[in-house]
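The next block is my_file04.txt, given as compact mmCIF, N, CA and C atoms.
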```
# COMPACT_ATOMS: atom_id res chain seq x y z
N MET V 1 -7.79 -3.55 -0.55
CA MET V 1 -6.85 -2.72 -1.28
C MET V 1 -7.56 -1.45 -1.72
N SER V 2 -6.88 -0.33 -1.58
CA SER V 2 -7.51 0.93 -1.93
C SER V 2 -7.65 1.07 -3.43
N ALA V 3 -8.63 1.84 -3.85
CA ALA V 3 -8.86 2.06 -5.27
C ALA V 3 -7.77 2.98 -5.80
N HIS V 4 -6.96 2.47 -6.74
CA HIS V 4 -5.94 3.30 -7.36
C HIS V 4 -5.75 2.89 -8.81
N CYS V 5 -5.29 3.83 -9.61
CA CYS V 5 -5.07 3.62 -11.04
C CYS V 5 -3.67 3.08 -11.26
N MET V 6 -3.56 2.01 -12.05
CA MET V 6 -2.26 1.42 -12.31
C MET V 6 -1.38 2.33 -13.17
N LEU V 7 -1.97 3.16 -14.01
CA LEU V 7 -1.20 4.00 -14.93
C LEU V 7 -0.89 5.38 -14.35
N THR V 8 -1.91 6.08 -13.89
CA THR V 8 -1.70 7.45 -13.42
C THR V 8 -1.37 7.52 -11.94
N GLY V 9 -1.64 6.46 -11.21
CA GLY V 9 -1.37 6.46 -9.77
C GLY V 9 -2.39 7.21 -8.95
N ALA V 10 -3.55 7.53 -9.55
CA ALA V 10 -4.60 8.26 -8.84
C ALA V 10 -5.09 7.43 -7.66
N ARG V 11 -5.14 8.04 -6.50
CA ARG V 11 -5.58 7.39 -5.27
C ARG V 11 -6.69 8.21 -4.63
N PRO V 12 -7.38 7.66 -3.65
CA PRO V 12 -8.45 8.43 -3.01
C PRO V 12 -7.90 9.69 -2.33
N GLY V 13 -8.72 10.73 -2.39
CA GLY V 13 -8.41 11.95 -1.66
C GLY V 13 -9.31 12.01 -0.43
N PHE V 14 -8.91 12.77 0.56
CA PHE V 14 -9.69 12.85 1.79
C PHE V 14 -10.04 14.29 2.09
N GLY V 15 -11.16 14.47 2.71
CA GLY V 15 -11.61 15.81 3.05
C GLY V 15 -12.76 15.74 4.03
N ASN V 16 -13.57 16.79 4.03
CA ASN V 16 -14.69 16.87 4.95
C ASN V 16 -16.00 16.99 4.19
N ALA V 17 -17.01 16.31 4.69
CA ALA V 17 -18.38 16.52 4.24
C ALA V 17 -18.96 17.58 5.16
N ILE V 18 -19.49 18.64 4.59
CA ILE V 18 -20.01 19.74 5.40
C ILE V 18 -21.52 19.77 5.27
N SER V 19 -22.20 19.60 6.37
CA SER V 19 -23.66 19.55 6.38
C SER V 19 -24.24 20.96 6.31
N HIS V 20 -25.56 21.03 6.24
CA HIS V 20 -26.24 22.33 6.21
C HIS V 20 -25.96 23.14 7.47
N SER V 21 -25.84 22.45 8.60
CA SER V 21 -25.54 23.14 9.85
C SER V 21 -24.04 23.41 10.01
N HIS V 22 -23.26 23.06 8.98
CA HIS V 22 -21.82 23.30 8.89
C HIS V 22 -21.00 22.42 9.82
N ARG V 23 -21.55 21.27 10.19
CA ARG V 23 -20.76 20.28 10.93
C ARG V 23 -19.90 19.53 9.93
N ARG V 24 -18.67 19.24 10.32
CA ARG V 24 -17.76 18.55 9.41
C ARG V 24 -17.57 17.10 9.84
N THR V 25 -17.70 16.20 8.88
CA THR V 25 -17.38 14.80 9.11
C THR V 25 -16.43 14.36 8.00
N SER V 26 -15.60 13.40 8.32
CA SER V 26 -14.58 12.94 7.38
C SER V 26 -15.23 12.18 6.23
N ARG V 27 -14.71 12.39 5.03
CA ARG V 27 -15.19 11.65 3.87
C ARG V 27 -14.04 11.35 2.95
N ARG V 28 -14.31 10.55 1.92
CA ARG V 28 -13.28 10.07 1.01
C ARG V 28 -13.74 10.29 -0.42
N PHE V 29 -12.87 10.85 -1.25
CA PHE V 29 -13.16 11.08 -2.66
C PHE V 29 -12.44 10.00 -3.47
N ASP V 30 -13.18 9.00 -3.93
CA ASP V 30 -12.57 7.90 -4.68
C ASP V 30 -12.45 8.25 -6.16
N PRO V 31 -11.35 7.85 -6.81
CA PRO V 31 -11.25 8.02 -8.26
C PRO V 31 -12.17 7.03 -8.97
N ASN V 32 -12.55 7.37 -10.19
CA ASN V 32 -13.45 6.51 -10.97
C ASN V 32 -12.64 5.39 -11.59
N ILE V 33 -12.51 4.26 -10.88
CA ILE V 33 -11.69 3.13 -11.31
C ILE V 33 -12.54 2.14 -12.10
N GLN V 34 -12.04 1.77 -13.27
CA GLN V 34 -12.70 0.79 -14.13
C GLN V 34 -11.71 -0.34 -14.41
N SER V 35 -12.22 -1.56 -14.51
CA SER V 35 -11.40 -2.70 -14.91
C SER V 35 -11.60 -2.90 -16.41
N LYS V 36 -10.49 -2.87 -17.17
CA LYS V 36 -10.59 -2.94 -18.62
C LYS V 36 -9.59 -3.94 -19.15
N ARG V 37 -10.01 -4.69 -20.16
CA ARG V 37 -9.17 -5.72 -20.75
C ARG V 37 -8.65 -5.23 -22.09
N TYR V 38 -7.34 -5.30 -22.28
CA TYR V 38 -6.70 -4.86 -23.52
C TYR V 38 -5.93 -6.02 -24.13
N TRP V 39 -5.91 -6.06 -25.47
CA TRP V 39 -5.08 -7.03 -26.19
C TRP V 39 -3.67 -6.45 -26.29
N LEU V 40 -2.69 -7.22 -25.84
CA LEU V 40 -1.29 -6.81 -25.88
C LEU V 40 -0.62 -7.57 -27.02
N PRO V 41 -0.49 -6.97 -28.21
CA PRO V 41 0.00 -7.71 -29.37
C PRO V 41 1.44 -8.18 -29.23
N GLY V 42 2.28 -7.44 -28.52
CA GLY V 42 3.68 -7.83 -28.37
C GLY V 42 3.85 -9.14 -27.62
N GLU V 43 2.90 -9.45 -26.72
CA GLU V 43 2.98 -10.68 -25.94
C GLU V 43 1.94 -11.71 -26.36
N GLY V 44 1.05 -11.31 -27.27
CA GLY V 44 0.03 -12.23 -27.77
C GLY V 44 -0.97 -12.66 -26.71
N ARG V 45 -1.33 -11.76 -25.82
CA ARG V 45 -2.28 -12.10 -24.75
C ARG V 45 -3.05 -10.86 -24.33
N TYR V 46 -4.11 -11.10 -23.57
CA TYR V 46 -4.89 -10.01 -22.99
C TYR V 46 -4.31 -9.65 -21.63
N VAL V 47 -4.41 -8.38 -21.27
CA VAL V 47 -4.06 -7.93 -19.92
C VAL V 47 -5.27 -7.19 -19.37
N ARG V 48 -5.54 -7.39 -18.09
CA ARG V 48 -6.63 -6.69 -17.42
C ARG V 48 -6.02 -5.61 -16.55
N LEU V 49 -6.39 -4.37 -16.82
CA LEU V 49 -5.85 -3.24 -16.09
C LEU V 49 -6.95 -2.55 -15.30
N LYS V 50 -6.60 -2.08 -14.09
CA LYS V 50 -7.53 -1.29 -13.29
C LYS V 50 -7.11 0.16 -13.46
N LEU V 51 -7.89 0.90 -14.25
CA LEU V 51 -7.53 2.25 -14.64
C LEU V 51 -8.61 3.24 -14.24
N SER V 52 -8.18 4.47 -13.98
CA SER V 52 -9.14 5.55 -13.83
C SER V 52 -9.61 5.94 -15.23
N THR V 53 -10.69 6.71 -15.31
CA THR V 53 -11.19 7.10 -16.63
C THR V 53 -10.16 7.97 -17.35
N LYS V 54 -9.40 8.76 -16.62
CA LYS V 54 -8.31 9.53 -17.24
C LYS V 54 -7.24 8.59 -17.77
N GLY V 55 -6.96 7.50 -17.04
CA GLY V 55 -5.99 6.51 -17.50
C GLY V 55 -6.44 5.80 -18.77
N ILE V 56 -7.75 5.54 -18.89
CA ILE V 56 -8.28 4.92 -20.11
C ILE V 56 -8.09 5.84 -21.30
N LYS V 57 -8.33 7.14 -21.11
CA LYS V 57 -8.13 8.10 -22.18
C LYS V 57 -6.64 8.19 -22.55
N THR V 58 -5.76 8.08 -21.57
CA THR V 58 -4.33 8.10 -21.83
C THR V 58 -3.91 6.89 -22.67
N VAL V 59 -4.46 5.72 -22.37
CA VAL V 59 -4.16 4.52 -23.16
C VAL V 59 -4.64 4.71 -24.59
N ASP V 60 -5.80 5.35 -24.78
CA ASP V 60 -6.30 5.61 -26.12
C ASP V 60 -5.34 6.50 -26.92
N VAL V 61 -4.66 7.42 -26.25
CA VAL V 61 -3.76 8.35 -26.93
C VAL V 61 -2.39 7.71 -27.20
N ILE V 62 -1.77 7.11 -26.17
CA ILE V 62 -0.40 6.62 -26.32
C ILE V 62 -0.31 5.18 -26.78
N GLY V 63 -1.38 4.43 -26.68
CA GLY V 63 -1.38 3.02 -27.07
C GLY V 63 -1.14 2.11 -25.89
N VAL V 64 -1.58 0.87 -26.04
CA VAL V 64 -1.52 -0.08 -24.93
C VAL V 64 -0.09 -0.53 -24.64
N GLU V 65 0.75 -0.67 -25.67
CA GLU V 65 2.14 -1.10 -25.45
C GLU V 65 2.89 -0.08 -24.59
N ALA V 66 2.78 1.20 -24.94
CA ALA V 66 3.46 2.25 -24.18
C ALA V 66 2.88 2.37 -22.77
N ALA V 67 1.58 2.18 -22.63
CA ALA V 67 0.94 2.26 -21.31
C ALA V 67 1.44 1.15 -20.40
N VAL V 68 1.52 -0.07 -20.93
CA VAL V 68 2.01 -1.20 -20.13
C VAL V 68 3.48 -0.98 -19.76
N ALA V 69 4.26 -0.40 -20.67
CA ALA V 69 5.66 -0.09 -20.36
C ALA V 69 5.75 0.91 -19.21
N ARG V 70 4.88 1.92 -19.20
CA ARG V 70 4.86 2.90 -18.10
C ARG V 70 4.46 2.25 -16.79
N ILE V 71 3.46 1.36 -16.86
CA ILE V 71 2.99 0.68 -15.64
C ILE V 71 4.12 -0.18 -15.07
N ARG V 72 4.81 -0.90 -15.93
CA ARG V 72 5.94 -1.75 -15.46
C ARG V 72 7.08 -0.90 -14.94
N ALA V 73 7.30 0.29 -15.49
CA ALA V 73 8.35 1.18 -15.00
C ALA V 73 8.05 1.66 -13.59
N ARG V 74 6.77 1.73 -13.25
CA ARG V 74 6.38 2.12 -11.88
C ARG V 74 6.53 0.96 -10.90
N GLY V 75 6.84 -0.24 -11.41
CA GLY V 75 7.06 -1.40 -10.55
C GLY V 75 5.82 -2.23 -10.31
N VAL V 76 4.78 -2.04 -11.11
CA VAL V 76 3.55 -2.82 -10.95
C VAL V 76 3.61 -4.01 -11.89
N LYS V 77 3.25 -5.18 -11.40
CA LYS V 77 3.26 -6.39 -12.20
C LYS V 77 2.00 -6.44 -13.08
N VAL V 78 2.20 -6.69 -14.38
CA VAL V 78 1.08 -6.77 -15.31
C VAL V 78 1.03 -8.17 -15.88
```

For the file at hand, write its structure as structure tokens.
Amino acid sequence: MSAHCMLTGARPGFGNAISHSHRRTSRRFDPNIQSKRYWLPGEGRYVRLKLSTKGIKTVDVIGVEAAVARIRARGVKV
């Protein structure tokens, strides 16, 4: 499964690696995905989310309840 953020939807980007001689080869730019465990007080349980670092900062701002609601609205099972 490709590395993607459950909250922001960040996925790998693709481009070229350019050498000193200017030859181009295909490469992949992966987002910084971290697995983080949050306490979900509304359900009385922990949830493990795979988030990008930007997604972790978003959870810090909006809260875990709102973040899980956004993730479920995107159709991802939590």

Fill in: Nearby residues (only C-alpha atoms) at most 7 Å from Ile71 in chain V, same-chain spacing under 5 positions excluded, as a PyMOL selection string
chain V and resi 6-7+76

Discussion item. DSSP on the backbone, strand (DSSP E or B) only: what residues of chain V does that give? Format it as an NGL selection string.
Written reply: :V and (13-18 or 24-29 or 33-40 or 45-52)

Create the file for the chosen residues now, containing N, CA and C atoms and written as a PDB file, in the coordinates of the input.
```pdb
ATOM      1  N   GLY V  13      -8.720  10.730  -2.390  1.00  0.00           N
ATOM      2  CA  GLY V  13      -8.410  11.950  -1.660  1.00  0.00           C
ATOM      3  C   GLY V  13      -9.310  12.010  -0.430  1.00  0.00           C
ATOM      4  N   PHE V  14      -8.910  12.770   0.560  1.00  0.00           N
ATOM      5  CA  PHE V  14      -9.690  12.850   1.790  1.00  0.00           C
ATOM      6  C   PHE V  14     -10.040  14.290   2.090  1.00  0.00           C
ATOM      7  N   GLY V  15     -11.160  14.470   2.710  1.00  0.00           N
ATOM      8  CA  GLY V  15     -11.610  15.810   3.050  1.00  0.00           C
ATOM      9  C   GLY V  15     -12.760  15.740   4.030  1.00  0.00           C
ATOM     10  N   ASN V  16     -13.570  16.790   4.030  1.00  0.00           N
ATOM     11  CA  ASN V  16     -14.690  16.870   4.950  1.00  0.00           C
ATOM     12  C   ASN V  16     -16.000  16.990   4.190  1.00  0.00           C
ATOM     13  N   ALA V  17     -17.010  16.310   4.690  1.00  0.00           N
ATOM     14  CA  ALA V  17     -18.380  16.520   4.240  1.00  0.00           C
ATOM     15  C   ALA V  17     -18.960  17.580   5.160  1.00  0.00           C
ATOM     16  N   ILE V  18     -19.490  18.640   4.590  1.00  0.00           N
ATOM     17  CA  ILE V  18     -20.010  19.740   5.400  1.00  0.00           C
ATOM     18  C   ILE V  18     -21.520  19.770   5.270  1.00  0.00           C
ATOM     19  N   ARG V  24     -18.670  19.240  10.320  1.00  0.00           N
ATOM     20  CA  ARG V  24     -17.760  18.550   9.410  1.00  0.00           C
ATOM     21  C   ARG V  24     -17.570  17.100   9.840  1.00  0.00           C
ATOM     22  N   THR V  25     -17.700  16.200   8.880  1.00  0.00           N
ATOM     23  CA  THR V  25     -17.380  14.800   9.110  1.00  0.00           C
ATOM     24  C   THR V  25     -16.430  14.360   8.000  1.00  0.00           C
ATOM     25  N   SER V  26     -15.600  13.400   8.320  1.00  0.00           N
ATOM     26  CA  SER V  26     -14.580  12.940   7.380  1.00  0.00           C
ATOM     27  C   SER V  26     -15.230  12.180   6.230  1.00  0.00           C
ATOM     28  N   ARG V  27     -14.710  12.390   5.030  1.00  0.00           N
ATOM     29  CA  ARG V  27     -15.190  11.650   3.870  1.00  0.00           C
ATOM     30  C   ARG V  27     -14.040  11.350   2.950  1.00  0.00           C
ATOM     31  N   ARG V  28     -14.310  10.550   1.920  1.00  0.00           N
ATOM     32  CA  ARG V  28     -13.280  10.070   1.010  1.00  0.00           C
ATOM     33  C   ARG V  28     -13.740  10.290  -0.420  1.00  0.00           C
ATOM     34  N   PHE V  29     -12.870  10.850  -1.250  1.00  0.00           N
ATOM     35  CA  PHE V  29     -13.160  11.080  -2.660  1.00  0.00           C
ATOM     36  C   PHE V  29     -12.440  10.000  -3.470  1.00  0.00           C
ATOM     37  N   ILE V  33     -12.510   4.260 -10.880  1.00  0.00           N
ATOM     38  CA  ILE V  33     -11.690   3.130 -11.310  1.00  0.00           C
ATOM     39  C   ILE V  33     -12.540   2.140 -12.100  1.00  0.00           C
ATOM     40  N   GLN V  34     -12.040   1.770 -13.270  1.00  0.00           N
ATOM     41  CA  GLN V  34     -12.700   0.790 -14.130  1.00  0.00           C
ATOM     42  C   GLN V  34     -11.710  -0.340 -14.410  1.00  0.00           C
ATOM     43  N   SER V  35     -12.220  -1.560 -14.510  1.00  0.00           N
ATOM     44  CA  SER V  35     -11.400  -2.700 -14.910  1.00  0.00           C
ATOM     45  C   SER V  35     -11.600  -2.900 -16.410  1.00  0.00           C
ATOM     46  N   LYS V  36     -10.490  -2.870 -17.170  1.00  0.00           N
ATOM     47  CA  LYS V  36     -10.590  -2.940 -18.620  1.00  0.00           C
ATOM     48  C   LYS V  36      -9.590  -3.940 -19.150  1.00  0.00           C
ATOM     49  N   ARG V  37     -10.010  -4.690 -20.160  1.00  0.00           N
ATOM     50  CA  ARG V  37      -9.170  -5.720 -20.750  1.00  0.00           C
ATOM     51  C   ARG V  37      -8.650  -5.230 -22.090  1.00  0.00           C
ATOM     52  N   TYR V  38      -7.340  -5.300 -22.280  1.00  0.00           N
ATOM     53  CA  TYR V  38      -6.700  -4.860 -23.520  1.00  0.00           C
ATOM     54  C   TYR V  38      -5.930  -6.020 -24.130  1.00  0.00           C
ATOM     55  N   TRP V  39      -5.910  -6.060 -25.470  1.00  0.00           N
ATOM     56  CA  TRP V  39      -5.080  -7.030 -26.190  1.00  0.00           C
ATOM     57  C   TRP V  39      -3.670  -6.450 -26.290  1.00  0.00           C
ATOM     58  N   LEU V  40      -2.690  -7.220 -25.840  1.00  0.00           N
ATOM     59  CA  LEU V  40      -1.290  -6.810 -25.880  1.00  0.00           C
ATOM     60  C   LEU V  40      -0.620  -7.570 -27.020  1.00  0.00           C
ATOM     61  N   ARG V  45      -1.330 -11.760 -25.820  1.00  0.00           N
ATOM     62  CA  ARG V  45      -2.280 -12.100 -24.750  1.00  0.00           C
ATOM     63  C   ARG V  45      -3.050 -10.860 -24.330  1.00  0.00           C
ATOM     64  N   TYR V  46      -4.110 -11.100 -23.570  1.00  0.00           N
ATOM     65  CA  TYR V  46      -4.890 -10.010 -22.990  1.00  0.00           C
ATOM     66  C   TYR V  46      -4.310  -9.650 -21.630  1.00  0.00           C
ATOM     67  N   VAL V  47      -4.410  -8.380 -21.270  1.00  0.00           N
ATOM     68  CA  VAL V  47      -4.060  -7.930 -19.920  1.00  0.00           C
ATOM     69  C   VAL V  47      -5.270  -7.190 -19.370  1.00  0.00           C
ATOM     70  N   ARG V  48      -5.540  -7.390 -18.090  1.00  0.00           N
ATOM     71  CA  ARG V  48      -6.630  -6.690 -17.420  1.00  0.00           C
ATOM     72  C   ARG V  48      -6.020  -5.610 -16.550  1.00  0.00           C
ATOM     73  N   LEU V  49      -6.390  -4.370 -16.820  1.00  0.00           N
ATOM     74  CA  LEU V  49      -5.850  -3.240 -16.090  1.00  0.00           C
ATOM     75  C   LEU V  49      -6.950  -2.550 -15.300  1.00  0.00           C
ATOM     76  N   LYS V  50      -6.600  -2.080 -14.090  1.00  0.00           N
ATOM     77  CA  LYS V  50      -7.530  -1.290 -13.290  1.00  0.00           C
ATOM     78  C   LYS V  50      -7.110   0.160 -13.460  1.00  0.00           C
ATOM     79  N   LEU V  51      -7.890   0.900 -14.250  1.00  0.00           N
ATOM     80  CA  LEU V  51      -7.530   2.250 -14.640  1.00  0.00           C
ATOM     81  C   LEU V  51      -8.610   3.240 -14.240  1.00  0.00           C
ATOM     82  N   SER V  52      -8.180   4.470 -13.980  1.00  0.00           N
ATOM     83  CA  SER V  52      -9.140   5.550 -13.830  1.00  0.00           C
ATOM     84  C   SER V  52      -9.610   5.940 -15.230  1.00  0.00           C
TER      85      SER V  52
END
```

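Near range 27-39 of chain V, within 6.5 Å and counting only N, CA and C atoms, sit Ala3, His4, Ala10, Arg11, Pro12, Gly13, Phe14, Gly15, Asn16, Ala17, Arg45, Tyr46, Val47, Arg48, Leu49, Lys50, Leu51, Ser52 and Thr53 of chain V; same-chain residues fewer than 4 positions away were not included.
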
Practice prompt. Could you check how far CA of Cys5 in chain V sits from CA of Gly55 in chain V, in Å to one decimal?
Written response: 7.1 Å

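With only N, CA and C atoms as the atoms that count, the residue of V:Gly44, V:Arg70, V:Gly63, V:Thr25 with the shortest distance to Thr8 in chain V is V:Arg70.
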
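We find CA of Gly42 in chain V and CA of Ile62 in chain V to be spaced 15.2 Å apart.
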
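Picture a line from atom C of Val64 in chain V to atom N of Pro41 in chain V; it runs 7.4 Å.
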
Could you add all heavy atoms to range 45-56 of chain V and give me the result as a short mmCIF file (atom, residue, chain, number, x, y, z; two decimals), keeping the file's coordinate frame?
```
data_model
loop_
_atom_site.label_atom_id
_atom_site.label_comp_id
_atom_site.auth_asym_id
_atom_site.auth_seq_id
_atom_site.Cartn_x
_atom_site.Cartn_y
_atom_site.Cartn_z
N ARG V 45 -1.33 -11.76 -25.82
CA ARG V 45 -2.28 -12.10 -24.75
C ARG V 45 -3.05 -10.86 -24.33
O ARG V 45 -2.72 -9.73 -24.70
CB ARG V 45 -1.56 -12.68 -23.54
CG ARG V 45 -0.68 -11.68 -22.81
CD ARG V 45 0.10 -12.33 -21.66
NE ARG V 45 0.87 -11.35 -20.93
CZ ARG V 45 0.54 -10.89 -19.72
NH1 ARG V 45 -0.54 -11.33 -19.10
NH2 ARG V 45 1.30 -10.02 -19.11
N TYR V 46 -4.11 -11.10 -23.57
CA TYR V 46 -4.89 -10.01 -22.99
C TYR V 46 -4.31 -9.65 -21.63
O TYR V 46 -3.79 -10.51 -20.92
CB TYR V 46 -6.35 -10.43 -22.79
CG TYR V 46 -7.15 -10.46 -24.07
CD1 TYR V 46 -7.40 -11.66 -24.73
CD2 TYR V 46 -7.68 -9.30 -24.60
CE1 TYR V 46 -8.14 -11.69 -25.90
CE2 TYR V 46 -8.43 -9.32 -25.76
CZ TYR V 46 -8.65 -10.52 -26.40
OH TYR V 46 -9.39 -10.52 -27.56
N VAL V 47 -4.41 -8.38 -21.27
CA VAL V 47 -4.06 -7.93 -19.92
C VAL V 47 -5.27 -7.19 -19.37
O VAL V 47 -5.97 -6.48 -20.09
CB VAL V 47 -2.82 -7.02 -19.90
CG1 VAL V 47 -1.57 -7.79 -20.23
CG2 VAL V 47 -2.96 -5.84 -20.82
N ARG V 48 -5.54 -7.39 -18.09
CA ARG V 48 -6.63 -6.69 -17.42
C ARG V 48 -6.02 -5.61 -16.55
O ARG V 48 -5.23 -5.91 -15.65
CB ARG V 48 -7.46 -7.67 -16.60
CG ARG V 48 -8.73 -7.04 -16.05
CD ARG V 48 -9.67 -8.06 -15.46
NE ARG V 48 -10.16 -9.04 -16.41
CZ ARG V 48 -11.16 -8.85 -17.25
NH1 ARG V 48 -11.77 -7.69 -17.29
NH2 ARG V 48 -11.55 -9.81 -18.06
N LEU V 49 -6.39 -4.37 -16.82
CA LEU V 49 -5.85 -3.24 -16.09
C LEU V 49 -6.95 -2.55 -15.30
O LEU V 49 -8.07 -2.43 -15.77
CB LEU V 49 -5.22 -2.24 -17.07
CG LEU V 49 -4.13 -2.77 -18.00
CD1 LEU V 49 -3.70 -1.68 -18.96
CD2 LEU V 49 -2.95 -3.27 -17.20
N LYS V 50 -6.60 -2.08 -14.09
CA LYS V 50 -7.53 -1.29 -13.29
C LYS V 50 -7.11 0.16 -13.46
O LYS V 50 -6.09 0.58 -12.92
CB LYS V 50 -7.47 -1.71 -11.82
CG LYS V 50 -8.06 -3.08 -11.59
CD LYS V 50 -8.01 -3.46 -10.13
CE LYS V 50 -9.08 -2.72 -9.37
NZ LYS V 50 -9.17 -3.13 -7.96
N LEU V 51 -7.89 0.90 -14.25
CA LEU V 51 -7.53 2.25 -14.64
C LEU V 51 -8.61 3.24 -14.24
O LEU V 51 -9.79 2.91 -14.21
CB LEU V 51 -7.34 2.33 -16.16
CG LEU V 51 -6.29 1.43 -16.78
CD1 LEU V 51 -6.40 1.47 -18.28
CD2 LEU V 51 -4.91 1.84 -16.33
N SER V 52 -8.18 4.47 -13.98
CA SER V 52 -9.14 5.55 -13.83
C SER V 52 -9.61 5.94 -15.23
O SER V 52 -9.01 5.55 -16.23
CB SER V 52 -8.49 6.75 -13.14
OG SER V 52 -7.43 7.25 -13.93
N THR V 53 -10.69 6.71 -15.31
CA THR V 53 -11.19 7.10 -16.63
C THR V 53 -10.16 7.97 -17.35
O THR V 53 -10.03 7.89 -18.57
CB THR V 53 -12.53 7.83 -16.50
OG1 THR V 53 -12.43 8.85 -15.52
CG2 THR V 53 -13.62 6.86 -16.10
N LYS V 54 -9.40 8.76 -16.62
CA LYS V 54 -8.31 9.53 -17.24
C LYS V 54 -7.24 8.59 -17.77
O LYS V 54 -6.65 8.81 -18.83
CB LYS V 54 -7.72 10.51 -16.24
CG LYS V 54 -6.65 11.38 -16.84
CD LYS V 54 -6.13 12.39 -15.83
CE LYS V 54 -5.03 13.24 -16.46
NZ LYS V 54 -4.53 14.25 -15.53
N GLY V 55 -6.96 7.50 -17.04
CA GLY V 55 -5.99 6.51 -17.50
C GLY V 55 -6.44 5.80 -18.77
O GLY V 55 -5.63 5.51 -19.65
N ILE V 56 -7.75 5.54 -18.89
CA ILE V 56 -8.28 4.92 -20.11
C ILE V 56 -8.09 5.84 -21.30
O ILE V 56 -7.68 5.41 -22.39
CB ILE V 56 -9.77 4.55 -19.92
CG1 ILE V 56 -9.90 3.42 -18.89
CG2 ILE V 56 -10.41 4.14 -21.24
CD1 ILE V 56 -11.32 3.11 -18.48
#
```
